[in-house]
Amino acid sequence: MSLSVDISDNAYLKDRLSAGRFIHASTLVSAGSEIIRVEDPLICIPDEAHLDNCCHYCMSEESSTGTESVYQAYKLPVKLSYCLGCRVVKYCSKACQTADWKRKNHKYECDIYKAQYPRILPTPARAMLRMAKHFLNETPSAKVFGGIGGLKAHTEEFQKAGGERWEMGNLTAKATAEFSKVSKQISFEPDFMRDLYCKLLINSVTVTTQTFDPIGICLTYQAAMFNHSCDPNAVMLFDGRRLVVRSLKEIAKDTEITISYIDNLMTGKERRRELSERYFFDCKCSKCTSEPPSPDYIVCPKCDQSVSSTIKTCPACNGPISDDKLTAAVMLAESINQGREKKNTDKSVDALLKNLKSLYATNLLLSSYPPIPQLHQDLAMAYIDAGDYNAAFQHLLTLYVRAYPRIYETSFHPVRVVRTFTLAMVLIQVAVDSPEGFGGRTDFTKTVWGLLTEVIGNADKSHGADSSFAEIVRRKTEEVKADIGIDSNREADSWLGQGLKAIPELGETIQKIKKIVDDFVAELRA
Ligand SMILES: C[S@@+](CC[C@H](N)C(=O)[O-])C[C@H]1O[C@@H](n2cnc3c(N)ncnc32)[C@H](O)[C@@H]1O
């Protein structure tokens with residue numbers, strides 16, 4: 001039996017009793033358009049690390065945190081004050097505090113938080129208390145999705161897998177059942193709370209900032225209905241507490257709409273392991289079923305061209321490519337990836353650089369092969385924090401030129417667009433630090449302008465014209481335009497969205513940019 005319910009103008013939920021629920025397109029969805037928007041998620045709260053610098057209702061970040069000007073570009077002025085009841089959560093306005101108190105149950109949890117203070121309840125425990133309270137007063141609209149009771153839990157699989165996660169679930173369930181008694185309004189049983197814990201792990205999503213940094217946890221029925229694909233046709237993103245799902249490509253009517261539950265930067269083997277361990281299914285998406293076990297493309301060690309990993313001789317230079325060397329390179333990448341998953345891994349610049357250099361030294365792996373992009377990204381962030389913009393620029397530029405076009409093929413993929421904006425912001429800082437030019441090799445103003453036109457031309461598709469990101473980019477572009485004296489004219493408008501290549505006088509600059517990246521990667525390989 002199969003049931004269908006509309007959940008937005010262009011998407012409907014199909015419930016096949018034997019096979020679970022899926023979201024489908026109810027019309028032809030064009031590439032880069034909004035599929036669903038949830039203004040008021042059931043649960044959307046900061047994680048432990050962000051209770052102090054995020055509004056507990058709208059998730060705005062306090063502007064005094066992350067004083068680096070690169071990040072300031074993404075922030076609007078916000079000042080937070082504690083809830084005087086518990087002194088655990090903070091708000092940016094009276095309106096947010098009132099909404100959280102009345103509509104989102106802080107009224108009920110405030111006493112519980114106060115009783116635990118100075119101990120702060122872990123994020124899952126705080127989210128479970130909200131779930132439990134919502135369960136009691138579910139609105140009729142929740143019934144469309146089966147409410148909290150109808151969310152997938154995989155409790156038996158969690159129990160069978162056992163280990164630390166199951167123990168943590170039991171402990172958290174007992175503790176939250178106990179805490180719930182403090183409110184004197186209601187109390188819950190541990191078994192019920194354990195079921196909620198499993199549902200939370202399966203159905204919640206991570207709230208992220210404009211720069212895709214994790215800041216909290218969110219649960220909405222609509223988002224919980226999307227299934228996973230490693231080659232998704234849609235992407236989920238946040239604007240404060242607003243959750244939106246946008247299309248990455250054109251989606252035909254009645255086609256399933258999928259998002260990715262996991263990091264695109266992982267290898268196929270790692271993706272399948274994580275999906276099976278965290279969500280209890282074997283991924284059979286087109287990417288997983290067609291992907292060869294080693295990288296599709298490698299660098300020819302002799303002539304530096306990108307060639308298919310299935311051939312044994314480079315077509316450009318006839319140089320031999322040995323299977324043994326390729327296997328060793330892939331194993332090295334896997335062991336570095338596994339090391340990175342362990343909590344206590346050394347994340348210092350020295351350790352990150354050592355790993356990055358050892359991968360490049362194999363002379364076979366492209367800059368897009370995991371974990372190379374993540375190492376470049378972590379290093380760039382570490383250098384930005386240390387104020388070393390020159391070093392950050394080199395890593396971000398390498399990602400821009402060599403990794404992102406392969407990883408995020410769609411030019412308006414939100415991650416690619418945001419990272420391009422960060423690259424432009426870092427380049428402005430490089431220009432401030434060394435106005436004579438980046439080793440005399442690039443034209444700053446034209447390059448910054450080219451990057452910004454690429455971002456502004458894609459932001460409506462990647463984030464939506466009414467998103468805070470699009471607004472921030474428009475504001476910054478106007479500032480830069482005024483600074484470098486570019487008038488708005490028809491020609492400049494025609495460059496929008498096209499990137500550096502579209503700007504007529506930038507041909508030489510693009511060659512210089514490529515040379516910077518070639519020299520940098522050669523240095524890392526040495
Ligand atoms: C957030 S729920 C998605 C909605 C779910 N289909 C339902 O019926 O409620 C996540 C769960 O859906 C199932 N699922 C999601 N993507 C899948 C896929 N590509 N293949 C098989 N099962 C999938 C898994 O059971 C997973 O734990």
# chains A, B, ... in the order shown; residues from 1 in each chain; ligands from 1

$ closest_atom_pairs --of "chain A" --to "ligand 1" --cutoff "10 Å" --atoms "only C-alpha atoms and all ligand atoms" --output "CSV"
residue,atom,partner,partner_atom_place_in_ligand_line,distance
A:Leu13,CA,ligand 1,8 (O),9.9
A:Lys14,CA,ligand 1,8 (O),9.2
A:Asp15,CA,ligand 1,8 (O),7.3
A:Arg16,CA,ligand 1,8 (O),8.4
A:Leu17,CA,ligand 1,8 (O),8.7
A:Ser18,CA,ligand 1,8 (O),9.5
A:Ala19,CA,ligand 1,8 (O),7.2
A:Gly20,CA,ligand 1,8 (O),3.5
A:Arg21,CA,ligand 1,8 (O),3.7
A:Phe22,CA,ligand 1,6 (N),5.6
A:Ile23,CA,ligand 1,4 (C),8.6
A:Phe145,CA,ligand 1,9 (O),8.6
A:Gly146,CA,ligand 1,9 (O),9.4
A:Gly150,CA,ligand 1,9 (O),7.5
A:Leu151,CA,ligand 1,9 (O),5.5
A:Lys152,CA,ligand 1,9 (O),4.9
A:Ala153,CA,ligand 1,27 (O),7.7
A:His154,CA,ligand 1,27 (O),7.0
A:Lys199,CA,ligand 1,1 (C),8.8
A:Leu200,CA,ligand 1,1 (C),9.4
A:Leu201,CA,ligand 1,1 (C),9.0
A:Ile202,CA,ligand 1,1 (C),5.6
A:Asn203,CA,ligand 1,1 (C),4.2
A:Ser204,CA,ligand 1,1 (C),7.4
A:Val205,CA,ligand 1,1 (C),8.8
A:Leu219,CA,ligand 1,1 (C),9.8
A:Thr220,CA,ligand 1,1 (C),9.9
A:Tyr221,CA,ligand 1,1 (C),9.0
A:Gln222,CA,ligand 1,4 (C),9.3
A:Ala223,CA,ligand 1,1 (C),7.4
A:Ala224,CA,ligand 1,1 (C),4.2
A:Met225,CA,ligand 1,4 (C),4.0
A:Phe226,CA,ligand 1,3 (C),5.1
A:Asn227,CA,ligand 1,16 (N),3.6
A:His228,CA,ligand 1,16 (N),3.9
A:Ser229,CA,ligand 1,19 (N),5.4
A:Cys230,CA,ligand 1,19 (N),8.4
A:Pro232,CA,ligand 1,19 (N),9.9
A:Thr258,CA,ligand 1,16 (N),8.0
A:Ile259,CA,ligand 1,16 (N),8.8
A:Ser260,CA,ligand 1,16 (N),8.8
A:Tyr261,CA,ligand 1,16 (N),8.3
A:Leu275,CA,ligand 1,27 (O),8.2
A:Ser276,CA,ligand 1,27 (O),8.6
A:Glu277,CA,ligand 1,27 (O),9.7
A:Arg278,CA,ligand 1,27 (O),7.6
A:Tyr279,CA,ligand 1,27 (O),3.9
A:Phe280,CA,ligand 1,27 (O),5.4
A:Phe281,CA,ligand 1,22 (N),5.2
A:Asp282,CA,ligand 1,20 (N),6.5
A:Cys283,CA,ligand 1,19 (N),5.4
A:Lys284,CA,ligand 1,19 (N),6.6
A:Cys285,CA,ligand 1,19 (N),6.5

$ select_by_dssp --residues "region 40-285 of chain A" --states "strand (DSSP E or B)" --output "PyMOL selection string"
chain A and resi 43-46+54+61+81-82+90-91+205-208+214-219+227-228+234-239+242-247+251+256+258-259

$ select_by_dssp --residues "region 293-496 of chain A" --states "helix (DSSP H, G or I)" --output "ChimeraX atom specification"
/A:323-341,349-360,372-385,389-407,414-433,444-462,468-484,490-495

$ closest_residue --among "A:Glu48, A:Ala252, A:Ala132, A:Gly240" --to "Ala11 (chain A)" --atoms "only C-alpha atoms"
A:Ala252

$ residues_around --residues "Leu379 (chain A)" --least-positions-apart "5" --cutoff "12 Å" --atoms "only C-alpha atoms" --output "PyMOL selection string"
chain A and resi 347-356+372-374+384-386+388-396+398-399
